[in-house]
$ cat work-v6.cif   # mmCIF, C-alpha atoms
data_run
#
loop_
_atom_site.label_atom_id
_atom_site.label_comp_id
_atom_site.auth_asym_id
_atom_site.auth_seq_id
_atom_site.Cartn_x
_atom_site.Cartn_y
_atom_site.Cartn_z
CA MET A 25 -13.33 20.38 17.50
CA GLU A 26 -15.10 17.09 16.76
CA ILE A 27 -13.38 13.80 17.54
CA GLY A 28 -13.38 12.81 13.88
CA ASP A 29 -11.87 16.13 12.80
CA ALA A 30 -9.14 15.83 15.43
CA HIS A 31 -8.32 12.33 14.19
CA VAL A 32 -8.04 13.53 10.60
CA ILE A 33 -5.86 16.51 11.51
CA PHE A 34 -3.49 14.40 13.59
CA CYS A 35 -3.37 11.65 10.96
CA TYR A 36 -2.60 14.19 8.24
CA TRP A 37 -0.04 15.98 10.37
CA PHE A 38 1.80 12.80 11.30
CA HIS A 39 2.47 11.46 7.80
CA ALA A 40 3.30 14.97 6.55
CA VAL A 41 5.82 15.59 9.32
CA THR A 42 7.36 12.14 8.90
CA GLY A 43 7.92 12.79 5.20
CA ALA A 44 9.40 16.18 5.97
CA LEU A 45 11.68 14.60 8.58
CA ALA A 46 12.90 12.01 6.06
CA THR A 47 13.68 14.71 3.49
CA GLU A 48 15.22 17.11 5.98
CA GLY A 49 17.34 14.27 7.29
CA ILE A 50 18.86 13.93 3.83
CA TYR A 51 19.44 17.68 3.65
CA ARG A 52 21.18 17.79 6.99
CA GLY A 53 24.51 16.06 7.35
CA GLY A 54 24.09 13.92 10.45
CA TRP A 55 20.35 13.23 10.45
CA ARG A 56 20.01 10.73 7.64
CA ALA A 57 18.91 7.89 9.89
CA ALA A 58 16.41 10.06 11.78
CA THR A 59 13.32 8.42 10.28
CA VAL A 60 14.62 4.96 11.12
CA ALA A 61 15.04 5.93 14.77
CA TYR A 62 11.70 7.75 14.67
CA VAL A 63 9.69 4.77 13.39
CA ILE A 64 11.62 1.79 14.77
CA ILE A 65 12.67 3.14 18.17
CA LEU A 66 10.54 6.10 19.25
CA LEU A 67 7.18 4.85 17.99
CA PRO A 68 7.24 1.57 19.98
CA ILE A 69 7.96 3.57 23.13
CA ALA A 70 5.22 6.06 22.31
CA GLU A 71 2.74 3.25 21.60
CA HIS A 72 3.06 1.94 25.15
CA ILE A 73 2.81 5.42 26.65
CA VAL A 74 -0.31 6.43 24.70
CA GLY A 75 -2.10 3.15 25.43
CA THR A 76 -4.98 1.40 23.69
CA ASP A 77 -8.30 2.35 22.14
CA ARG A 78 -11.06 -0.21 21.55
CA ARG A 79 -13.85 2.26 20.87
CA SER A 80 -15.97 1.83 17.78
CA PRO A 81 -16.39 4.89 15.57
CA PRO A 82 -19.52 6.92 16.30
CA PRO A 83 -22.07 7.10 13.48
CA LYS A 84 -21.31 10.74 12.71
CA ASP A 85 -17.69 9.81 11.96
CA GLU A 86 -18.81 7.13 9.53
CA LEU A 87 -20.88 9.67 7.64
CA ASN A 88 -18.21 12.37 7.63
CA SER A 89 -16.27 10.82 4.76
CA LYS A 90 -14.93 13.90 2.95
CA SER A 91 -12.38 14.95 5.56
CA PHE A 92 -11.24 11.35 6.05
CA ARG A 93 -10.88 10.92 2.30
CA PHE A 94 -8.87 14.12 1.97
CA ALA A 95 -6.46 12.92 4.66
CA SER A 96 -5.75 9.75 2.69
CA LEU A 97 -5.55 11.46 -0.72
CA ALA A 98 -3.06 14.05 0.49
CA GLN A 99 -0.37 11.53 1.44
CA PRO A 100 0.57 10.27 -2.07
CA VAL A 101 0.84 13.84 -3.34
CA LEU A 102 3.08 14.88 -0.47
CA GLN A 103 5.17 11.72 -0.76
CA LEU A 104 5.85 12.42 -4.43
CA LEU A 105 6.96 15.96 -3.53
CA TRP A 106 9.21 14.72 -0.71
CA LEU A 107 10.70 12.09 -3.01
CA ALA A 108 11.40 14.60 -5.79
CA TRP A 109 13.04 17.00 -3.35
CA SER A 110 15.17 14.23 -1.85
CA LEU A 111 16.32 13.09 -5.29
CA LEU A 112 17.34 16.64 -6.18
CA ILE A 113 19.37 16.92 -2.97
CA VAL A 114 21.12 13.62 -3.72
CA ALA A 115 21.80 14.62 -7.33
CA PHE A 116 23.03 18.17 -6.83
CA GLY A 117 24.19 18.23 -3.22
CA ASN A 118 23.25 20.88 -0.69
CA ASP A 119 24.47 23.69 1.45
CA GLY A 120 23.07 22.04 4.56
CA TYR A 121 23.79 22.89 8.14
CA ASP A 122 26.95 20.82 8.10
CA GLY A 123 28.20 22.45 4.92
CA VAL A 124 28.10 19.25 2.84
CA LYS A 125 27.75 19.99 -0.87
CA LYS A 126 27.89 16.46 -2.24
CA LEU A 127 26.64 13.36 -0.49
CA SER A 128 28.98 10.44 0.09
CA THR A 129 28.01 6.89 -0.82
CA MET A 130 27.24 6.07 2.81
CA GLU A 131 25.05 9.15 3.12
CA VAL A 132 23.11 8.14 0.01
CA VAL A 133 22.57 4.66 1.44
CA LEU A 134 21.45 5.97 4.84
CA GLY A 135 19.23 8.55 3.19
CA GLY A 136 17.63 5.91 0.98
CA ILE A 137 16.94 3.65 3.96
CA SER A 138 15.49 6.55 5.93
CA PHE A 139 13.15 7.61 3.13
CA GLY A 140 12.26 3.97 2.48
CA VAL A 141 11.03 3.64 6.06
CA TYR A 142 8.66 6.51 5.33
CA SER A 143 7.61 5.01 1.97
CA GLY A 144 6.94 1.64 3.57
CA ALA A 145 5.31 2.74 6.81
CA PHE A 146 3.08 5.36 5.24
CA GLY A 147 3.28 5.14 1.44
CA ILE A 148 2.28 1.49 1.06
CA THR A 149 -0.15 1.69 3.98
CA TYR A 150 -2.01 4.54 2.29
CA ALA A 151 -1.78 2.74 -1.05
CA HIS A 152 -3.40 -0.27 0.60
CA GLU A 153 -6.32 1.86 1.74
CA LEU A 154 -6.72 3.69 -1.57
CA CYS A 155 -6.48 0.59 -3.77
CA HIS A 156 -9.45 -0.92 -1.93
CA ARG A 157 -11.65 1.91 -3.14
CA HIS A 158 -13.64 2.20 -6.36
CA ALA A 159 -13.08 5.90 -7.09
CA LYS A 160 -10.59 6.30 -9.94
CA LEU A 161 -8.68 9.14 -8.29
CA ASP A 162 -8.21 7.18 -5.08
CA ARG A 163 -6.97 4.09 -6.90
CA LEU A 164 -4.71 6.16 -9.15
CA LEU A 165 -2.97 7.80 -6.19
CA GLY A 166 -2.65 4.46 -4.43
CA ILE A 167 -1.04 2.91 -7.49
CA LEU A 168 1.30 5.92 -7.74
CA ASN A 169 2.70 5.10 -4.30
CA LEU A 170 3.22 1.48 -5.35
CA VAL A 171 4.92 2.45 -8.61
CA CYS A 172 7.39 4.58 -6.64
CA VAL A 173 8.58 1.51 -4.71
CA PHE A 174 8.58 -1.01 -7.60
CA TYR A 175 5.66 -2.93 -6.06
CA PRO A 176 2.73 -2.19 -8.38
CA HIS A 177 1.65 -5.84 -8.56
CA PHE A 178 0.42 -5.49 -4.97
CA ASN A 179 -2.65 -3.76 -6.38
CA ILE A 180 -3.58 -6.95 -8.24
CA GLU A 181 -2.41 -9.65 -5.86
CA HIS A 182 -3.70 -8.13 -2.66
CA ASN A 183 -7.29 -7.54 -3.74
CA LYS A 184 -7.74 -10.62 -5.93
CA GLY A 185 -5.36 -13.03 -4.21
CA HIS A 186 -4.58 -12.29 -0.58
CA HIS A 187 -8.10 -11.33 0.45
CA LYS A 188 -9.43 -14.51 -1.10
CA MET A 189 -6.76 -16.96 0.08
CA VAL A 190 -5.64 -15.44 3.40
CA ALA A 191 -4.73 -17.91 6.15
CA THR A 192 -4.34 -20.78 3.69
CA GLU A 193 -1.41 -22.71 2.25
CA GLU A 194 -2.07 -20.99 -1.09
CA ASP A 195 -1.52 -17.46 0.22
CA PRO A 196 2.12 -16.33 0.03
CA ALA A 197 1.38 -13.38 2.32
CA THR A 198 0.38 -15.56 5.29
CA ALA A 199 3.35 -16.38 7.51
CA ARG A 200 3.44 -19.96 8.76
CA ALA A 201 3.88 -21.00 12.36
CA GLY A 202 7.57 -21.44 13.15
CA GLU A 203 8.63 -19.42 10.09
CA SER A 204 11.04 -16.56 10.77
CA PHE A 205 10.69 -13.23 9.03
CA TYR A 206 13.90 -13.86 7.08
CA HIS A 207 12.48 -17.10 5.64
CA PHE A 208 9.13 -15.45 5.01
CA LEU A 209 10.55 -12.44 3.13
CA PRO A 210 11.85 -14.14 -0.05
CA ARG A 211 8.86 -16.48 -0.11
CA VAL A 212 6.33 -13.65 0.04
CA VAL A 213 8.13 -11.36 -2.43
CA ILE A 214 8.44 -14.10 -5.05
CA GLY A 215 5.06 -15.61 -4.22
CA GLU A 216 3.12 -12.36 -4.51
CA LEU A 217 4.68 -11.60 -7.89
CA ARG A 218 3.94 -15.12 -9.13
CA SER A 219 0.37 -14.84 -7.86
CA ALA A 220 -0.12 -11.48 -9.58
CA VAL A 221 1.16 -12.92 -12.88
CA GLU A 222 -1.25 -15.87 -12.59
CA LEU A 223 -4.21 -13.67 -11.69
CA GLU A 224 -3.59 -11.23 -14.51
CA GLY A 225 -2.99 -14.11 -16.92
CA LYS A 226 -6.38 -15.59 -16.02
CA ARG A 227 -8.08 -12.23 -16.52
CA LEU A 228 -6.52 -11.78 -19.94
CA ALA A 229 -7.28 -15.36 -20.97
CA LYS A 230 -10.90 -14.83 -20.01
CA ALA A 231 -10.92 -11.74 -22.22
CA GLY A 232 -9.44 -13.79 -25.07
CA VAL A 233 -6.13 -11.93 -25.34
CA PRO A 234 -2.52 -13.14 -24.79
CA PHE A 235 -0.47 -12.27 -21.74
CA LEU A 236 1.80 -9.94 -23.72
CA HIS A 237 -0.97 -7.53 -24.60
CA PRO A 238 -1.29 -3.73 -24.17
CA THR A 239 -4.19 -4.26 -21.75
CA ASN A 240 -1.99 -6.24 -19.34
CA GLU A 241 -2.23 -4.13 -16.19
CA LEU A 242 0.81 -5.79 -14.64
CA LEU A 243 3.04 -4.87 -17.59
CA GLN A 244 1.61 -1.36 -17.66
CA LEU A 245 2.41 -0.70 -14.01
CA PHE A 246 5.88 -2.22 -14.07
CA SER A 247 6.61 -0.19 -17.20
CA LEU A 248 5.80 2.93 -15.18
CA SER A 249 8.18 1.87 -12.40
CA ILE A 250 10.96 1.15 -14.89
CA ALA A 251 10.33 4.43 -16.71
CA MET A 252 10.48 6.33 -13.43
CA ALA A 253 13.76 4.66 -12.45
CA ALA A 254 15.20 5.27 -15.92
CA GLY A 255 14.18 8.92 -15.75
CA VAL A 256 15.86 9.31 -12.37
CA GLY A 257 19.04 7.61 -13.57
CA LEU A 258 19.32 9.47 -16.86
CA GLY A 259 18.21 12.83 -15.53
CA LEU A 260 19.76 12.92 -12.07
CA GLY A 261 22.61 10.42 -12.20
CA GLY A 262 23.72 7.18 -10.61
CA GLN A 263 23.59 8.32 -6.99
CA ALA A 264 19.99 9.45 -7.36
CA LEU A 265 19.08 6.13 -8.99
CA ALA A 266 20.77 4.23 -6.16
CA PHE A 267 18.83 6.31 -3.63
CA PHE A 268 15.56 5.60 -5.48
CA LEU A 269 16.16 1.84 -5.54
CA ILE A 270 17.32 1.69 -1.91
CA GLN A 271 14.22 3.50 -0.68
CA ALA A 272 12.05 1.14 -2.74
CA GLY A 273 13.74 -1.95 -1.33
CA THR A 274 13.51 -0.66 2.24
CA ALA A 275 9.82 0.17 1.78
CA VAL A 276 9.06 -3.35 0.56
CA LEU A 277 11.02 -4.92 3.41
CA LEU A 278 9.14 -2.85 5.98
CA PHE A 279 5.77 -3.51 4.39
CA GLU A 280 6.33 -7.26 4.23
CA SER A 281 7.30 -7.24 7.89
CA VAL A 282 3.77 -5.96 8.51
CA ASN A 283 2.36 -8.76 6.34
CA TYR A 284 4.41 -11.19 8.43
CA LEU A 285 2.87 -10.22 11.74
CA GLU A 286 -0.71 -9.70 10.53
CA HIS A 287 -1.47 -13.40 9.94
CA TYR A 288 1.42 -15.27 11.59
CA GLY A 289 0.49 -18.92 12.18
CA LEU A 290 -3.23 -18.44 11.50
CA GLU A 291 -4.91 -21.07 9.33
CA ARG A 292 -8.39 -21.56 7.97
CA ARG A 293 -9.82 -25.04 8.23
CA GLN A 294 -9.21 -26.93 4.97
CA TYR A 295 -11.76 -29.42 3.69
CA THR A 296 -10.12 -30.53 0.46
CA SER A 297 -7.15 -29.75 -1.76
CA ASP A 298 -9.15 -30.33 -4.95
CA PRO A 299 -8.33 -27.24 -7.08
CA SER A 300 -11.41 -27.77 -9.23
CA LEU A 301 -13.63 -26.68 -6.34
CA PRO A 302 -14.16 -22.99 -5.49
CA VAL A 303 -12.20 -21.62 -2.56
CA GLU A 304 -15.30 -21.35 -0.37
CA TRP A 305 -15.73 -25.13 -0.66
CA ARG A 306 -12.08 -25.89 0.00
CA TYR A 307 -11.65 -23.72 3.08
CA ALA A 308 -13.72 -22.35 5.92
CA LYS A 309 -14.84 -18.81 5.34
CA ILE A 310 -12.69 -15.93 6.55
CA GLY A 311 -13.48 -14.96 10.12
CA LEU A 312 -12.30 -12.62 12.84
CA ARG A 313 -9.84 -15.25 14.08
CA HIS A 314 -7.80 -15.20 10.86
CA ALA A 315 -5.92 -11.94 11.48
CA TRP A 316 -4.07 -10.53 14.47
CA ASP A 317 -5.48 -7.29 15.88
CA SER A 318 -3.72 -4.61 17.86
CA PRO A 319 -5.71 -1.94 19.75
CA THR A 320 -2.87 0.53 20.32
CA ARG A 321 -4.22 4.04 19.92
CA LEU A 322 -1.18 5.62 18.28
CA GLY A 323 -0.59 2.88 15.73
CA ASN A 324 -4.22 2.82 14.63
CA THR A 325 -4.33 6.59 14.30
CA ILE A 326 -1.26 7.03 12.13
CA LEU A 327 -1.68 3.83 10.07
CA LEU A 328 -5.31 4.31 9.04
CA LYS A 329 -6.49 1.70 11.57
CA LEU A 330 -4.67 -1.03 9.68
CA GLN A 331 -4.16 -2.71 13.05
CA ARG A 332 -7.90 -3.46 13.14
CA HIS A 333 -7.02 -6.01 10.55
CA ALA A 334 -9.56 -8.73 11.29
CA ASP A 335 -12.47 -6.38 10.59
CA HIS A 336 -10.72 -5.24 7.42
CA HIS A 337 -10.57 -8.82 6.12
CA ASN A 338 -14.18 -9.45 7.04
CA HIS A 339 -15.34 -6.19 5.44
CA ALA A 340 -12.74 -5.21 2.85
CA GLY A 341 -14.97 -2.44 1.51
CA LYS A 342 -15.04 -0.55 4.81
CA ARG A 343 -13.22 2.77 4.94
CA TYR A 344 -10.47 2.97 7.53
CA GLN A 345 -12.44 5.28 9.84
CA GLN A 346 -15.25 2.70 10.06
CA LEU A 347 -13.14 -0.28 11.16
CA THR A 348 -13.76 -1.76 14.59
CA THR A 349 -11.83 -4.03 16.93
CA SER A 350 -13.11 -7.29 18.37
CA ASP A 351 -12.13 -9.55 21.25
CA ALA A 352 -12.96 -12.50 18.98
CA SER A 353 -9.76 -11.95 17.00
CA PRO A 354 -6.32 -12.92 18.35
CA GLN A 355 -4.49 -9.96 19.87
CA LEU A 356 -0.90 -8.84 19.36
CA PRO A 357 0.89 -7.84 22.57
CA GLY A 358 1.91 -4.50 21.03
CA GLY A 359 1.42 -2.16 18.12
CA TYR A 360 2.88 -2.71 14.66
CA ALA A 361 5.99 -0.64 15.35
CA THR A 362 6.73 -2.72 18.45
CA MET A 363 6.01 -6.03 16.73
CA ILE A 364 8.16 -5.19 13.68
CA ALA A 365 11.12 -4.56 15.96
CA ILE A 366 10.48 -7.91 17.65
CA ALA A 367 10.05 -9.74 14.32
CA LEU A 368 13.54 -8.68 13.25
CA VAL A 369 14.90 -10.87 16.09
CA PRO A 370 13.43 -14.35 15.39
CA PRO A 371 14.19 -15.97 18.80
CA LEU A 372 12.48 -13.06 20.52
CA TRP A 373 9.55 -13.22 18.11
CA PHE A 374 9.00 -16.93 18.70
CA ALA A 375 9.26 -16.46 22.47
CA VAL A 376 6.64 -13.71 22.40
CA MET A 377 4.22 -14.98 19.75
CA ASP A 378 4.26 -18.79 19.81
CA PRO A 379 2.65 -19.08 23.27
CA ARG A 380 -0.10 -16.71 22.12
CA LEU A 381 -0.57 -18.69 18.93
CA LEU A 382 -0.87 -21.96 20.83
CA GLU A 383 -3.34 -20.42 23.26
CA HIS A 384 -5.40 -19.23 20.29
CA ARG A 385 -5.35 -22.71 18.75
CA ARG A 386 -6.49 -24.32 22.00
CA SER A 387 -9.78 -22.50 21.55
CA MET A 388 -10.36 -24.56 18.37
CA PRO A 389 -9.34 -28.12 19.34
CA ARG A 390 -11.08 -29.80 16.40
CA GLN A 391 -9.09 -28.01 13.72
CA HIS A 392 -6.12 -29.68 12.05
CA TYR A 393 -3.12 -27.43 11.38
CA ARG A 394 -0.42 -27.89 8.78
CA HIS A 395 2.29 -25.86 10.51
CA TRP A 396 3.29 -25.65 14.16
CA PRO A 397 5.75 -23.54 16.17
CA ARG A 398 9.26 -24.87 16.44
CA GLY A 399 9.72 -27.50 19.12
CA VAL A 400 6.00 -28.31 19.27
CA THR A 401 4.89 -31.84 18.40
CA PRO A 402 1.70 -31.66 16.31
CA PRO A 403 -1.18 -33.71 17.71
CA PRO A 404 -2.60 -36.41 15.41
CA PRO A 405 -5.57 -35.21 13.33
CA THR A 406 -8.89 -36.43 14.70
CA LEU A 407 -12.52 -35.85 13.85
CA GLY A 408 -13.66 -35.96 17.43
CA ASP A 409 -16.60 -37.94 18.75
CA THR A 410 -19.43 -36.35 16.79
CA GLY A 411 -21.67 -39.39 16.73
CA ILE A 412 -22.91 -38.44 13.27
CA LYS A 413 -23.41 -41.03 10.62
CA GLY A 414 -21.29 -40.11 7.64
CA ALA A 415 -18.77 -38.04 9.58
CA ALA A 416 -15.99 -40.36 8.41
CA SER A 417 -16.38 -38.90 4.93
CA LEU A 418 -14.67 -35.77 6.21
CA VAL A 419 -10.93 -36.16 5.74
CA ILE A 420 -8.17 -33.83 6.72
CA ALA A 421 -6.45 -31.62 4.12
CA GLY A 422 -5.06 -33.35 1.10
CA GLN A 423 -8.01 -35.58 0.20
CA ARG A 424 -11.40 -34.96 -1.30
CA TRP A 425 -14.10 -33.95 1.14
CA VAL A 426 -17.72 -35.07 0.96
CA ARG A 427 -20.25 -33.25 3.09
CA PRO A 428 -22.15 -35.81 5.19
CA SER A 429 -25.92 -35.92 5.18
CA VAL A 430 -27.60 -36.02 8.58
CA ARG A 431 -31.22 -36.37 9.61
CA ILE A 432 -32.81 -33.75 11.81
CA SER A 433 -36.51 -33.77 12.70
CA ASN A 434 -37.12 -36.45 10.06
CA GLN A 435 -35.72 -34.14 7.35
CA SER A 436 -32.38 -34.80 5.71
CA ARG A 437 -30.09 -31.79 5.28
CA LEU A 438 -26.40 -31.01 5.09
CA SER A 439 -24.72 -30.54 8.43
CA CYS A 440 -22.49 -27.65 9.41
CA ASN A 441 -19.09 -28.26 7.84
CA VAL A 442 -17.25 -27.03 10.90
CA CYS A 443 -18.72 -28.73 13.94
CA LEU A 444 -20.62 -31.59 12.24
CA ASP A 445 -22.91 -31.48 15.25
CA PRO A 446 -26.61 -30.86 14.54
CA GLU A 447 -27.41 -30.78 18.24
CA ARG A 448 -25.00 -27.90 18.78
CA CYS A 449 -25.36 -26.14 15.44
CA SER A 450 -28.46 -24.04 14.98
CA HIS A 451 -27.59 -22.91 11.48
CA ALA A 452 -30.38 -24.43 9.41
CA ASP A 453 -29.28 -23.81 5.84
CA MET A 454 -26.58 -25.37 3.65
CA ALA A 455 -23.85 -22.76 3.97
CA PRO A 456 -20.29 -24.13 3.92
CA GLN A 457 -20.13 -23.41 7.64
CA CYS A 458 -22.26 -21.73 10.23
CA ASP A 459 -21.25 -18.41 11.75
CA GLU A 460 -22.19 -19.62 15.21
CA CYS A 461 -19.72 -22.49 15.13
CA GLU A 462 -17.07 -20.53 13.28
#
$ encode --input "work-v6.cif" --output "structure tokens"
Amino acid sequence: MEIGDAHVIFCYWFHAVTGALATEGIYRGGWRAATVAYVIILLPIAEHIVGTDRRSPPPKDELNSKSFRFASLAQPVLQLLWLAWSLLIVAFGNDGYDGVKKLSTMEVVLGGISFGVYSGAFGITYAHELCHRHAKLDRLLGILNLVCVFYPHFNIEHNKGHHKMVATEEDPATARAGESFYHFLPRVVIGELRSAVELEGKRLAKAGVPFLHPTNELLQLFSLSIAMAAGVGLGLGGQALAFFLIQAGTAVLLFESVNYLEHYGLERRQYTSDPSLPVEWRYAKIGLRHAWDSPTRLGNTILLKLQRHADHHNHAGKRYQQLTTSDASPQLPGGYATMIAIALVPPLWFAVMDPRLLEHRRSMPRQHYRHWPRGVTPPPPTLGDTGIKGAASLVIAGQRWVRPSVRISNQSRLSCNVCLDPERCSHADMAPQCDECE
């Protein structure tokens, strides 16, 4: 068996078995929190036992796209089947191993949370991968997963908003230094929806149609979510509707906890806050240092290598099997399952992550940061001793920035926006910043 084939089989098996466990847990009387224990407790332990994997994919795996694609397309179909089966059990009861014929309110709640852990850990993760693709079938199945958890606007905001504004003040999905998960959660949920509305409004305005128009993708997708919930409520009853909404809410909570840890405290250098300028002129370009990576083997295998997040942001069009890890990106001390459990306890999160964040920032002493960990006194913003005429025209975030002109070899050109040091910077063109200094 080839390495790539083994990866696909295990990846496929894992999400399929997890969905089956969530559904079977609802069918059985005392197993309705099984998926929660499976993902939140057992996976962190397994991550540390299995270890890490920093290998890059071999070329033959990159070319073998059909089996990898099938593994990702199968998940939304299976999730829909597991969800339908679970809703039928909630609506009509069961003759499970404990003899329960009708589920109690507590059992419905626990079952909804358990299935929501599956929907969030796998459903939205696979939707994230599929919605980055151009094939209509892939995107359709990805959107289906999002519709099932009342989060269809993610398809718009993530691709057009988050990937453009990540690690900036304007990105609601970037957690700020010193911000707990419980402060981040309402900000990101509201902020992502607001961002999606603005992005779709701009698209429609450019097309010359009003926001309330049949071509509004945001309204179309939310209409599908509402129609699905209405169908569940009218066809299967109140308990089934409650289960559906609880699993959706749990999925969103779990997914946003992943958003929280992926970019915690990371900031791109800001040159100006002038909204009339394009984003590439206002901020440094996205680099490997703007997302936390985690090389745990198990987490990367079952989550479509989402933990190789820095490479994903640098090459959003890459398929999951092609993503690589890099020592240039900041590293999480554990896999996503471990870090989610830590994030739910803010004092523990700050104790674990803030020292790593500060160490990461010490590698870029010239950058000015807006947000700092709690208890840390921010240093005053300085330009450093560049010795370049015109360097004073660079001002820290909040004021207009003018790129200084410097003279090199009797020829005037624009200096690198990051280091402002022509002696150190070998990048000879006028890009907003040079890769070498970034």
$ resolve_selection --input "work-v6.cif" --expression "the PyMOL selection byres ((chain A and resi 301-312) around 8)" --output "ChimeraX atom specification"
/A:188-190,192,292-300,313-315,334-335,337-338,350,352-353,442,456-457,462
$ residues_around --input "work-v6.cif" --residues "A:Lys329" --least-positions-apart "5" --cutoff "7 Å" --atoms "all atoms listed in the file" --output "number ranges by chain"
A: 324, 344, 347
$ write_last_selection --input "work-v6.cif" --atoms "C-alpha atoms" --output "mmCIF file, in the frame of the given file"
data_model
loop_
_atom_site.group_PDB
_atom_site.id
_atom_site.type_symbol
_atom_site.label_atom_id
_atom_site.label_comp_id
_atom_site.auth_asym_id
_atom_site.auth_seq_id
_atom_site.Cartn_x
_atom_site.Cartn_y
_atom_site.Cartn_z
ATOM 1 C CA ASN A 324 -4.220 2.820 14.630
ATOM 2 C CA TYR A 344 -10.470 2.970 7.530
ATOM 3 C CA LEU A 347 -13.140 -0.280 11.160
#
$ resolve_selection --input "work-v6.cif" --expression "the PyMOL selection byres ((chain A and resi 395) around 7)" --output "list of chain:residue names"
A:Arg200, A:Ala201, A:Tyr393, A:Arg394, A:Trp396
$ closest_atom_pairs --input "work-v6.cif" --of "stretch 234-343 of chain A" --to "stretch 367-379 of chain A" --cutoff "12 Å" --atoms "only C-alpha atoms" --output "tab-separated table"
residue	atom	partner	partner_atom	distance
A:Leu277	CA	A:Leu368	CA	10.8
A:Leu278	CA	A:Leu368	CA	10.3
A:Glu280	CA	A:Ala367	CA	11.0
A:Ser281	CA	A:Ala367	CA	7.4
A:Val282	CA	A:Ala367	CA	9.4
A:Asn283	CA	A:Ala367	CA	11.1
A:Tyr284	CA	A:Ala367	CA	8.3
A:Leu285	CA	A:Ala367	CA	7.6
A:Glu286	CA	A:Ala367	CA	11.4
A:His287	CA	A:Met377	CA	11.5
A:Tyr288	CA	A:Met377	CA	8.6
A:Gly289	CA	A:Asp378	CA	8.5
A:Leu290	CA	A:Asp378	CA	11.2
A:Trp316	CA	A:Met377	CA	10.8
$ atom_distance --input "work-v6.cif" --atom1 "atom CA of A:Ala108" --atom2 "atom CA of A:Arg163"
21.2 Å
